[in-house]
Structures are given as structure tokens and as C-alpha cells.
$ cat my_file31.cif   # mmCIF, C-alpha atoms and all ligand atoms
data_work
loop_
_atom_site.group_PDB
_atom_site.id
_atom_site.type_symbol
_atom_site.label_atom_id
_atom_site.label_comp_id
_atom_site.auth_asym_id
_atom_site.auth_seq_id
_atom_site.Cartn_x
_atom_site.Cartn_y
_atom_site.Cartn_z
ATOM 1 C CA SER A 1 0.316 -3.844 24.916
ATOM 2 C CA ALA A 2 0.343 -7.452 23.671
ATOM 3 C CA GLU A 3 3.568 -9.351 23.180
ATOM 4 C CA LEU A 4 4.634 -9.719 19.554
ATOM 5 C CA ASN A 5 3.594 -13.066 18.108
ATOM 6 C CA PRO A 6 6.807 -14.848 17.040
ATOM 7 C CA ALA A 7 5.270 -15.397 13.580
ATOM 8 C CA LEU A 8 5.702 -11.651 12.991
ATOM 9 C CA LEU A 9 9.392 -11.356 13.872
ATOM 10 C CA ALA A 10 10.417 -11.199 10.198
ATOM 11 C CA LEU A 11 8.044 -8.230 9.676
ATOM 12 C CA ASP A 12 8.715 -6.326 12.901
ATOM 13 C CA TRP A 13 10.524 -3.595 10.918
ATOM 14 C CA LEU A 14 7.129 -2.465 9.542
ATOM 15 C CA LEU A 15 5.408 -1.968 12.918
ATOM 16 C CA GLY A 16 4.622 1.550 14.088
ATOM 17 C CA VAL A 17 3.564 4.790 12.469
ATOM 18 C CA TRP A 18 5.191 6.180 9.333
ATOM 19 C CA GLU A 19 4.751 9.615 7.816
ATOM 20 C CA SER A 20 5.794 10.747 4.340
ATOM 21 C CA ASP A 21 8.948 12.834 4.760
ATOM 22 C CA GLU A 22 8.348 14.756 1.562
ATOM 23 C CA PRO A 23 5.233 14.531 -0.625
ATOM 24 C CA GLY A 24 4.824 11.329 -2.590
ATOM 25 C CA GLU A 25 4.609 11.446 -6.363
ATOM 26 C CA GLY A 26 1.541 10.157 -8.182
ATOM 27 C CA SER A 27 1.361 9.517 -11.886
ATOM 28 C CA PHE A 28 -0.261 7.427 -14.587
ATOM 29 C CA SER A 29 -0.453 7.841 -18.344
ATOM 30 C CA SER A 30 -4.129 8.913 -18.166
ATOM 31 C CA ILE A 31 -3.953 11.483 -15.327
ATOM 32 C CA PRO A 32 -2.012 14.647 -14.488
ATOM 33 C CA PRO A 33 0.876 14.078 -12.039
ATOM 34 C CA PHE A 34 0.024 14.876 -8.417
ATOM 35 C CA ARG A 35 1.611 15.060 -4.965
ATOM 36 C CA TYR A 36 0.291 13.642 -1.711
ATOM 37 C CA ASN A 37 1.183 13.000 1.908
ATOM 38 C CA GLU A 38 0.491 9.692 3.600
ATOM 39 C CA ARG A 39 0.469 8.228 7.088
ATOM 40 C CA LEU A 40 0.845 4.475 7.614
ATOM 41 C CA HIS A 41 -0.081 2.618 10.818
ATOM 42 C CA PHE A 42 1.024 -0.984 11.354
ATOM 43 C CA SER A 43 -0.005 -2.570 14.652
ATOM 44 C CA HIS A 44 -0.708 -5.955 16.246
ATOM 45 C CA VAL A 45 -2.740 -7.387 19.103
ATOM 46 C CA GLY A 46 -0.633 -10.491 19.769
ATOM 47 C CA GLN A 47 -2.139 -12.478 16.889
ATOM 48 C CA PRO A 48 0.101 -13.658 14.031
ATOM 49 C CA VAL A 49 -1.436 -10.796 12.011
ATOM 50 C CA ILE A 50 -0.518 -7.155 11.384
ATOM 51 C CA ASN A 51 -3.364 -4.620 11.217
ATOM 52 C CA PHE A 52 -2.764 -1.665 8.936
ATOM 53 C CA MET A 53 -4.266 1.672 7.872
ATOM 54 C CA PHE A 54 -2.880 3.894 5.087
ATOM 55 C CA ASN A 55 -4.345 7.400 4.883
ATOM 56 C CA ALA A 56 -3.368 9.774 2.081
ATOM 57 C CA PHE A 57 -3.908 13.550 2.044
ATOM 58 C CA HIS A 58 -3.640 16.231 -0.602
ATOM 59 C CA ALA A 59 -0.131 17.745 -0.338
ATOM 60 C CA GLU A 60 -1.386 21.347 -0.545
ATOM 61 C CA ASN A 61 -4.924 21.553 0.867
ATOM 62 C CA LYS A 62 -4.471 18.563 3.261
ATOM 63 C CA LYS A 63 -7.863 17.067 2.340
ATOM 64 C CA PRO A 64 -8.279 13.297 2.854
ATOM 65 C CA MET A 65 -7.761 11.292 -0.327
ATOM 66 C CA HIS A 66 -7.085 7.603 -0.829
ATOM 67 C CA ARG A 67 -7.509 5.278 2.182
ATOM 68 C CA GLU A 68 -6.747 1.597 2.598
ATOM 69 C CA CYS A 69 -6.901 -0.722 5.560
ATOM 70 C CA GLY A 70 -6.524 -4.401 6.187
ATOM 71 C CA PHE A 71 -4.428 -7.224 7.538
ATOM 72 C CA ILE A 72 -1.076 -8.793 6.796
ATOM 73 C CA ARG A 73 -0.537 -12.517 7.216
ATOM 74 C CA ILE A 74 2.694 -14.444 6.835
ATOM 75 C CA GLN A 75 2.879 -18.072 5.723
ATOM 76 C CA PRO A 76 3.739 -20.229 8.755
ATOM 77 C CA GLY A 77 7.342 -21.348 8.428
ATOM 78 C CA GLY A 78 7.724 -19.630 5.048
ATOM 79 C CA ASN A 79 8.450 -16.229 3.521
ATOM 80 C CA ARG A 80 5.167 -15.793 1.650
ATOM 81 C CA VAL A 81 3.266 -12.679 2.763
ATOM 82 C CA ALA A 82 -0.373 -11.746 2.062
ATOM 83 C CA PHE A 83 -1.981 -8.290 2.332
ATOM 84 C CA ILE A 84 -5.789 -8.406 2.674
ATOM 85 C CA ILE A 85 -6.880 -4.917 1.645
ATOM 86 C CA ALA A 86 -10.024 -2.772 1.502
ATOM 87 C CA GLN A 87 -9.762 0.547 -0.368
ATOM 88 C CA ASN A 88 -12.150 3.514 -0.047
ATOM 89 C CA SER A 89 -12.466 3.515 -3.845
ATOM 90 C CA GLY A 90 -14.543 0.324 -3.595
ATOM 91 C CA LEU A 91 -11.760 -2.096 -4.399
ATOM 92 C CA VAL A 92 -10.939 -5.129 -2.264
ATOM 93 C CA GLU A 93 -7.805 -7.061 -2.853
ATOM 94 C CA ILE A 94 -5.440 -9.786 -1.767
ATOM 95 C CA GLU A 95 -1.838 -9.134 -2.696
ATOM 96 C CA GLU A 96 0.826 -11.759 -2.181
ATOM 97 C CA GLY A 97 4.550 -11.880 -2.459
ATOM 98 C CA ASP A 98 7.829 -12.859 -0.934
ATOM 99 C CA LEU A 99 9.745 -11.295 1.891
ATOM 100 C CA THR A 100 13.454 -10.872 1.137
ATOM 101 C CA GLY A 101 15.299 -9.316 4.070
ATOM 102 C CA GLN A 102 13.528 -6.001 4.642
ATOM 103 C CA GLN A 103 11.899 -5.861 1.233
ATOM 104 C CA LEU A 104 8.418 -7.033 0.293
ATOM 105 C CA THR A 105 7.325 -7.407 -3.331
ATOM 106 C CA LEU A 106 3.584 -7.989 -3.740
ATOM 107 C CA HIS A 107 1.265 -8.710 -6.673
ATOM 108 C CA THR A 108 -2.518 -8.954 -6.919
ATOM 109 C CA HIS A 109 -3.732 -12.463 -6.134
ATOM 110 C CA ALA A 110 -7.457 -11.615 -6.087
ATOM 111 C CA LEU A 111 -9.381 -8.421 -6.755
ATOM 112 C CA ALA A 112 -13.035 -7.370 -6.640
ATOM 113 C CA ARG A 113 -14.872 -4.067 -6.982
ATOM 114 C CA THR A 114 -18.339 -2.597 -6.511
ATOM 115 C CA SER A 115 -20.812 -3.193 -9.356
ATOM 116 C CA PHE A 116 -20.882 0.574 -9.990
ATOM 117 C CA ALA A 117 -17.108 1.209 -9.956
ATOM 118 C CA LYS A 118 -15.859 3.926 -12.325
ATOM 119 C CA GLU A 119 -13.916 2.872 -15.401
ATOM 120 C CA PRO A 120 -11.144 2.203 -16.231
ATOM 121 C CA HIS A 121 -10.984 -0.920 -14.077
ATOM 122 C CA VAL A 122 -7.664 -1.898 -12.513
ATOM 123 C CA GLN A 123 -6.683 -5.498 -13.264
ATOM 124 C CA GLN A 124 -3.309 -5.837 -11.572
ATOM 125 C CA ILE A 125 -1.478 -4.029 -8.772
ATOM 126 C CA SER A 126 2.139 -4.526 -7.765
ATOM 127 C CA ARG A 127 3.932 -2.909 -4.891
ATOM 128 C CA VAL A 128 7.294 -2.901 -3.239
ATOM 129 C CA PHE A 129 7.916 -1.921 0.382
ATOM 130 C CA GLN A 130 11.518 -1.519 1.362
ATOM 131 C CA LEU A 131 13.208 -0.457 4.579
ATOM 132 C CA ARG A 132 16.248 1.427 3.352
ATOM 133 C CA PRO A 133 19.632 1.461 5.069
ATOM 134 C CA ASP A 134 18.967 5.107 6.072
ATOM 135 C CA GLY A 135 15.919 3.960 8.110
ATOM 136 C CA LYS A 136 13.339 5.303 5.673
ATOM 137 C CA LEU A 137 10.525 3.177 4.332
ATOM 138 C CA GLU A 138 9.846 3.351 0.613
ATOM 139 C CA GLN A 139 6.683 2.271 -1.244
ATOM 140 C CA THR A 140 6.302 2.012 -5.019
ATOM 141 C CA VAL A 141 2.931 1.051 -6.527
ATOM 142 C CA SER A 142 2.339 0.086 -10.144
ATOM 143 C CA MET A 143 -0.946 -0.901 -11.747
ATOM 144 C CA ALA A 144 -2.390 -2.139 -15.023
ATOM 145 C CA MET A 145 -5.829 -1.403 -16.448
ATOM 146 C CA GLU A 146 -7.766 -3.924 -18.524
ATOM 147 C CA GLY A 147 -5.582 -4.689 -21.521
ATOM 148 C CA GLY A 148 -2.951 -2.109 -20.525
ATOM 149 C CA PRO A 149 0.657 -2.358 -19.374
ATOM 150 C CA LEU A 150 1.833 -2.274 -15.748
ATOM 151 C CA MET A 151 2.854 1.345 -15.054
ATOM 152 C CA GLN A 152 3.915 3.231 -11.951
ATOM 153 C CA HIS A 153 1.142 5.074 -10.058
ATOM 154 C CA LEU A 154 2.843 6.008 -6.778
ATOM 155 C CA HIS A 155 6.252 6.518 -5.253
ATOM 156 C CA ILE A 156 6.771 7.740 -1.700
ATOM 157 C CA THR A 157 9.181 7.551 1.220
ATOM 158 C CA TYR A 158 8.277 7.724 4.895
ATOM 159 C CA ARG A 159 10.107 8.420 8.127
ATOM 160 C CA ARG A 160 9.204 6.685 11.354
ATOM 161 C CA SER A 161 6.982 8.907 13.485
ATOM 162 C CA SER A 162 6.410 6.479 16.410
HETATM 163 C C1 LIG B 201 -6.348 7.808 -10.146
HETATM 164 C C2 LIG B 201 -6.045 3.259 -8.594
HETATM 165 C C3 LIG B 201 -3.704 4.720 -4.627
HETATM 166 C C4 LIG B 201 -4.431 9.295 -5.939
HETATM 167 C C5 LIG B 201 -6.462 6.441 -10.061
HETATM 168 C C6 LIG B 201 -7.123 5.616 -11.047
HETATM 169 C C7 LIG B 201 -7.047 4.357 -10.608
HETATM 170 C C8 LIG B 201 -6.339 4.363 -9.356
HETATM 171 C C9 LIG B 201 -7.599 3.123 -11.280
HETATM 172 C C10 LIG B 201 -7.802 6.119 -12.333
HETATM 173 C C11 LIG B 201 -6.819 6.232 -13.458
HETATM 174 C C12 LIG B 201 -7.491 6.726 -14.732
HETATM 175 O O1 LIG B 201 -8.476 7.470 -14.634
HETATM 176 O O2 LIG B 201 -7.014 6.361 -15.807
HETATM 177 C C13 LIG B 201 -5.358 3.271 -7.398
HETATM 178 C C14 LIG B 201 -5.002 2.083 -6.651
HETATM 179 C C15 LIG B 201 -4.329 2.497 -5.536
HETATM 180 C C16 LIG B 201 -4.292 3.941 -5.589
HETATM 181 C C17 LIG B 201 -5.338 0.670 -7.068
HETATM 182 C C18 LIG B 201 -3.707 1.690 -4.431
HETATM 183 C C19 LIG B 201 -3.148 0.510 -4.620
HETATM 184 C C20 LIG B 201 -3.717 6.089 -4.624
HETATM 185 C C21 LIG B 201 -3.166 6.908 -3.568
HETATM 186 C C22 LIG B 201 -3.369 8.187 -3.931
HETATM 187 C C23 LIG B 201 -4.049 8.183 -5.218
HETATM 188 C C24 LIG B 201 -2.472 6.420 -2.289
HETATM 189 C C25 LIG B 201 -2.936 9.352 -3.095
HETATM 190 C C26 LIG B 201 -3.595 10.476 -2.995
HETATM 191 C C27 LIG B 201 -5.001 9.274 -7.206
HETATM 192 C C28 LIG B 201 -5.356 10.486 -7.947
HETATM 193 C C29 LIG B 201 -5.872 10.060 -9.176
HETATM 194 C C30 LIG B 201 -5.862 8.607 -9.139
HETATM 195 C C31 LIG B 201 -5.182 11.921 -7.463
HETATM 196 C C32 LIG B 201 -6.381 10.948 -10.338
HETATM 197 C C33 LIG B 201 -7.704 11.547 -10.088
HETATM 198 C C34 LIG B 201 -8.737 10.510 -9.839
HETATM 199 O O3 LIG B 201 -8.985 9.685 -10.728
HETATM 200 O O4 LIG B 201 -9.250 10.482 -8.714
HETATM 201 N N1 LIG B 201 -5.981 5.660 -9.046
HETATM 202 N N2 LIG B 201 -4.912 4.370 -6.731
HETATM 203 N N3 LIG B 201 -4.234 6.889 -5.604
HETATM 204 N N4 LIG B 201 -5.300 8.177 -7.950
HETATM 205 FE FE1 LIG B 201 -5.028 6.270 -7.383
#
$ encode --input "my_file31.cif" --output "C-alpha cells" --more "lines below"
Ligand code: HEM
Amino acid sequence: SAELNPALLALDWLLGVWESDEPGEGSFSSIPPFRYNERLHFSHVGQPVINFMFNAFHAENKKPMHRECGFIRIQPGGNRVAFIIAQNSGLVEIEEGDLTGQQLTLHTHALARTSFAKEPHVQQISRVFQLRPDGKLEQTVSMAMEGGPLMQHLHITYRRSS
């Protein structure tokens, strides 16, 4: 396998495969609460870029649900991080934010959707990834619809699976 590009050293704690240790919790004011499992893959090929895939599954019937994939870039010589994301729902997004230790806080920088996307349309997404002292990875996602407040949609913790 390729040697890690030194540009990625500050993000090496993300690399590998992560699996939800207990089902994640989904919510939003307009939908019934739900539970899901999710598997995250973060890999590299020697470029100063992380490749990622996030695949969510129904907690009970195991059916595939939400999927995202994309790339992570880090500002050369800085702590600015960008996620370039494609979602199976028809959304594409760039989220940006700052890396502080082993915590990443991201906000939508650009967002586009298919012409026939269902309403309501998301306007803003924020997420926090954090490697906790107990070795678990935690992700919290909030979103805002057109004219609405930013509210939590997802909260989940993962354990390293490889
Ligand atoms: C609903 C966005 C990730 C499961 C929704 C809705 C939006 C949305 C806009 C519709 C809310 C409404 O009808 O008022 C997003 C975004 C995500 C994301 C932007 C990623 C950043 C996920 C993930 C799951 C998930 C990882 C895991 C299974 C659901 C479910 C619903 C829902 C079950 C309710 C039923 C439905 O509308 O399909 N999400 N979501 N979402 N989301 Fe997400």
C-alpha cells in the first residue's frame, strides 16, 4: 500500500474502517425518530487526499439507506479541511471547517441538488467528527431547511473495525 502523504499526518486518526458500535440515532422535527447502523471507510493512495465512503443501513432489517462518498483535502500548511461529498439522495456538497486536535467541525460551503429533488430542500449542513479519548469516533450532523433553524439530524459513535 502507498506511503501516507505527509500532508495527511494531522488526519491519520480517521484512516481505516469504522463501524457503529450501537445504532445511531436519527431525528428531525418533521420526521419520526429512527435508528441506523453505519460503516465508514477512509483510505488514501499516497496523494494528499483521503477517499471516503459512508454507508448506512436500517438498524432492524439491515437494508441499505443513506450513502455518501467523496474526498477530503487539507489546506497546505494550514488547518482548514474540505470534504467534497456526493450523496445518494442527489445532493452534492463541499463542507469546510477547522481541525482542532482530533476534532473536525464542518459547515456547508457549497451545495447543489438534482432539479427534481424532493422538498423540503436542505440549505445548510454542519457536522462534527471527534476521536474520543476512549478510541471511539463520534459524528453529529445538524441541518437547516430553507428558512428553518439548524437542528440535529444524526448522532452516532463508531468503533474501529480495521
Ligand atoms: C430524512 C437530509 C443523512 C436517514 C431526511 C430529510 C432530509 C435529510 C432533508 C427530509 C426531512 C423532512 O422530510 O423534513 C440528510 C442529509 C444527510 C442525511 C443532508 C447527510 C449529511 C442521513 C443518514 C441516514 C438518514 C446517514 C441514515 C439512515 C433519514 C431518514 C429520514 C431522513 C430515515 C426520514 C425518512 C425520509 O425522508 O427518507 N434526511 N440526511 N439520513 N433521513 Fe437524512
$ axis_aligned_box --input "my_file31.cif" --around "stretch 138-148 of chain A" --padding-each-side "8 Å" --output "JSON"
{"center_x": 1.0, "center_y": -0.7, "center_z": -10.5, "size_x": 33.6, "size_y": 24.0, "size_z": 38.1}
$ residues_around --input "my_file31.cif" --residues "stretch 101-104 of chain A" --least-positions-apart "6" --cutoff "10 Å" --atoms "all atoms listed in the file" --output "list of chain:residue names"
A:Ala10, A:Leu11, A:Asp12, A:Trp13, A:Leu14, A:Asn79, A:Arg80, A:Val81, A:Arg127, A:Val128, A:Phe129, A:Gln130, A:Leu131, A:Arg132, A:Pro133, A:Leu137, A:Glu138, A:Gln139
$ residues_near_ligand --input "my_file31.cif" --ligand "ligand LIG 201 (chain B)" --cutoff "7 Å" --atoms "all atoms listed in the file" --output "PDB file with C-alpha atoms, in the coordinates of the input"
ATOM      1  CA  GLY A  26       1.541  10.157  -8.182  1.00  0.00           C
ATOM      2  CA  PHE A  28      -0.261   7.427 -14.587  1.00  0.00           C
ATOM      3  CA  SER A  30      -4.129   8.913 -18.166  1.00  0.00           C
ATOM      4  CA  ILE A  31      -3.953  11.483 -15.327  1.00  0.00           C
ATOM      5  CA  PHE A  34       0.024  14.876  -8.417  1.00  0.00           C
ATOM      6  CA  TYR A  36       0.291  13.642  -1.711  1.00  0.00           C
ATOM      7  CA  ALA A  56      -3.368   9.774   2.081  1.00  0.00           C
ATOM      8  CA  PHE A  57      -3.908  13.550   2.044  1.00  0.00           C
ATOM      9  CA  HIS A  58      -3.640  16.231  -0.602  1.00  0.00           C
ATOM     10  CA  MET A  65      -7.761  11.292  -0.327  1.00  0.00           C
ATOM     11  CA  HIS A  66      -7.085   7.603  -0.829  1.00  0.00           C
ATOM     12  CA  ARG A  67      -7.509   5.278   2.182  1.00  0.00           C
ATOM     13  CA  PRO A 120     -11.144   2.203 -16.231  1.00  0.00           C
ATOM     14  CA  HIS A 121     -10.984  -0.920 -14.077  1.00  0.00           C
ATOM     15  CA  VAL A 122      -7.664  -1.898 -12.513  1.00  0.00           C
ATOM     16  CA  ILE A 125      -1.478  -4.029  -8.772  1.00  0.00           C
ATOM     17  CA  VAL A 141       2.931   1.051  -6.527  1.00  0.00           C
ATOM     18  CA  MET A 143      -0.946  -0.901 -11.747  1.00  0.00           C
ATOM     19  CA  HIS A 153       1.142   5.074 -10.058  1.00  0.00           C
ATOM     20  CA  LEU A 154       2.843   6.008  -6.778  1.00  0.00           C
TER      21      LEU A 154
END
$ closest_residue --input "my_file31.cif" --among "A:Asp98, A:Phe83, A:Asn5, A:Lys136" --to "A:Leu111" --atoms "only C-alpha atoms"
A:Phe83
$ atom_distance --input "my_file31.cif" --atom1 "atom CA of A:Gln47" --atom2 "atom CA of A:Leu4"
7.8 Å
$ decode --input "my_file31.cif" --residues "stretch 122-159 of chain A" --atoms "N, CA and C atoms" --output "short mmCIF file (atom, residue, chain, number, x, y, z; two decimals), in the first residue's frame"
data_model
loop_
_atom_site.label_atom_id
_atom_site.label_comp_id
_atom_site.auth_asym_id
_atom_site.auth_seq_id
_atom_site.Cartn_x
_atom_site.Cartn_y
_atom_site.Cartn_z
N VAL A 122 -32.66 21.05 1.82
CA VAL A 122 -31.66 21.41 2.83
C VAL A 122 -30.89 22.63 2.34
N GLN A 123 -30.60 23.54 3.24
CA GLN A 123 -29.82 24.74 2.90
C GLN A 123 -28.44 24.72 3.55
N GLN A 124 -28.36 24.09 4.72
CA GLN A 124 -27.10 24.16 5.48
C GLN A 124 -26.92 22.85 6.24
N ILE A 125 -25.71 22.34 6.23
CA ILE A 125 -25.36 21.12 6.97
C ILE A 125 -24.13 21.42 7.82
N SER A 126 -24.15 20.97 9.04
CA SER A 126 -22.98 21.11 9.91
C SER A 126 -22.68 19.76 10.50
N ARG A 127 -21.40 19.43 10.60
CA ARG A 127 -21.09 18.17 11.28
C ARG A 127 -19.81 18.25 12.07
N VAL A 128 -19.78 17.44 13.11
CA VAL A 128 -18.60 17.35 13.96
C VAL A 128 -18.17 15.90 14.00
N PHE A 129 -16.89 15.67 13.68
CA PHE A 129 -16.25 14.37 13.89
C PHE A 129 -15.28 14.53 15.04
N GLN A 130 -15.30 13.57 15.95
CA GLN A 130 -14.40 13.67 17.07
C GLN A 130 -13.88 12.30 17.45
N LEU A 131 -12.56 12.18 17.57
CA LEU A 131 -11.98 10.94 18.11
C LEU A 131 -11.94 11.11 19.62
N ARG A 132 -12.70 10.28 20.32
CA ARG A 132 -12.79 10.45 21.77
C ARG A 132 -11.62 9.77 22.46
N PRO A 133 -11.37 10.18 23.71
CA PRO A 133 -10.27 9.57 24.46
C PRO A 133 -10.41 8.04 24.58
N ASP A 134 -11.64 7.52 24.53
CA ASP A 134 -11.83 6.06 24.63
C ASP A 134 -11.61 5.35 23.28
N GLY A 135 -11.15 6.10 22.24
CA GLY A 135 -10.84 5.48 20.96
C GLY A 135 -12.03 5.37 20.02
N LYS A 136 -13.19 5.82 20.47
CA LYS A 136 -14.36 5.79 19.59
C LYS A 136 -14.45 7.08 18.79
N LEU A 137 -15.00 6.95 17.59
CA LEU A 137 -15.22 8.10 16.73
C LEU A 137 -16.70 8.48 16.85
N GLU A 138 -16.95 9.77 16.93
CA GLU A 138 -18.31 10.25 17.11
C GLU A 138 -18.64 11.20 15.97
N GLN A 139 -19.85 11.09 15.38
CA GLN A 139 -20.27 12.05 14.36
C GLN A 139 -21.65 12.61 14.73
N THR A 140 -21.76 13.92 14.69
CA THR A 140 -23.05 14.59 14.91
C THR A 140 -23.33 15.45 13.69
N VAL A 141 -24.52 15.29 13.10
CA VAL A 141 -24.89 16.06 11.91
C VAL A 141 -26.14 16.88 12.21
N SER A 142 -26.07 18.16 11.91
CA SER A 142 -27.24 19.03 12.02
C SER A 142 -27.53 19.60 10.65
N MET A 143 -28.78 19.99 10.41
CA MET A 143 -29.11 20.59 9.12
C MET A 143 -30.22 21.61 9.28
N ALA A 144 -30.30 22.51 8.30
CA ALA A 144 -31.37 23.51 8.28
C ALA A 144 -32.03 23.46 6.92
N MET A 145 -33.37 23.50 6.92
CA MET A 145 -34.14 23.61 5.68
C MET A 145 -34.29 25.08 5.34
N GLU A 146 -34.74 25.35 4.12
CA GLU A 146 -34.98 26.74 3.71
C GLU A 146 -35.78 27.48 4.77
N GLY A 147 -35.21 28.52 5.31
CA GLY A 147 -35.93 29.35 6.28
C GLY A 147 -36.04 28.76 7.67
N GLY A 148 -35.50 27.55 7.88
CA GLY A 148 -35.65 26.90 9.18
C GLY A 148 -34.37 26.95 10.00
N PRO A 149 -34.48 26.58 11.28
CA PRO A 149 -33.30 26.60 12.15
C PRO A 149 -32.40 25.37 11.93
N LEU A 150 -31.15 25.48 12.35
CA LEU A 150 -30.23 24.34 12.32
C LEU A 150 -30.63 23.39 13.46
N MET A 151 -30.94 22.13 13.10
CA MET A 151 -31.36 21.16 14.12
C MET A 151 -30.65 19.85 13.88
N GLN A 152 -30.46 19.09 14.95
CA GLN A 152 -29.74 17.82 14.84
C GLN A 152 -30.52 16.80 14.01
N HIS A 153 -29.83 16.12 13.09
CA HIS A 153 -30.43 15.03 12.31
C HIS A 153 -29.84 13.67 12.72
N LEU A 154 -28.55 13.64 13.06
CA LEU A 154 -27.90 12.36 13.31
C LEU A 154 -26.90 12.44 14.46
N HIS A 155 -26.84 11.37 15.23
CA HIS A 155 -25.77 11.23 16.21
C HIS A 155 -25.39 9.77 16.29
N ILE A 156 -24.08 9.48 16.19
CA ILE A 156 -23.64 8.09 16.12
C ILE A 156 -22.20 7.97 16.59
N THR A 157 -21.87 6.83 17.18
CA THR A 157 -20.48 6.56 17.54
C THR A 157 -20.05 5.26 16.85
N TYR A 158 -18.77 5.21 16.54
CA TYR A 158 -18.21 4.07 15.81
C TYR A 158 -17.01 3.52 16.55
N ARG A 159 -16.79 2.19 16.39
CA ARG A 159 -15.53 1.62 16.86
C ARG A 159 -14.72 1.22 15.63
#
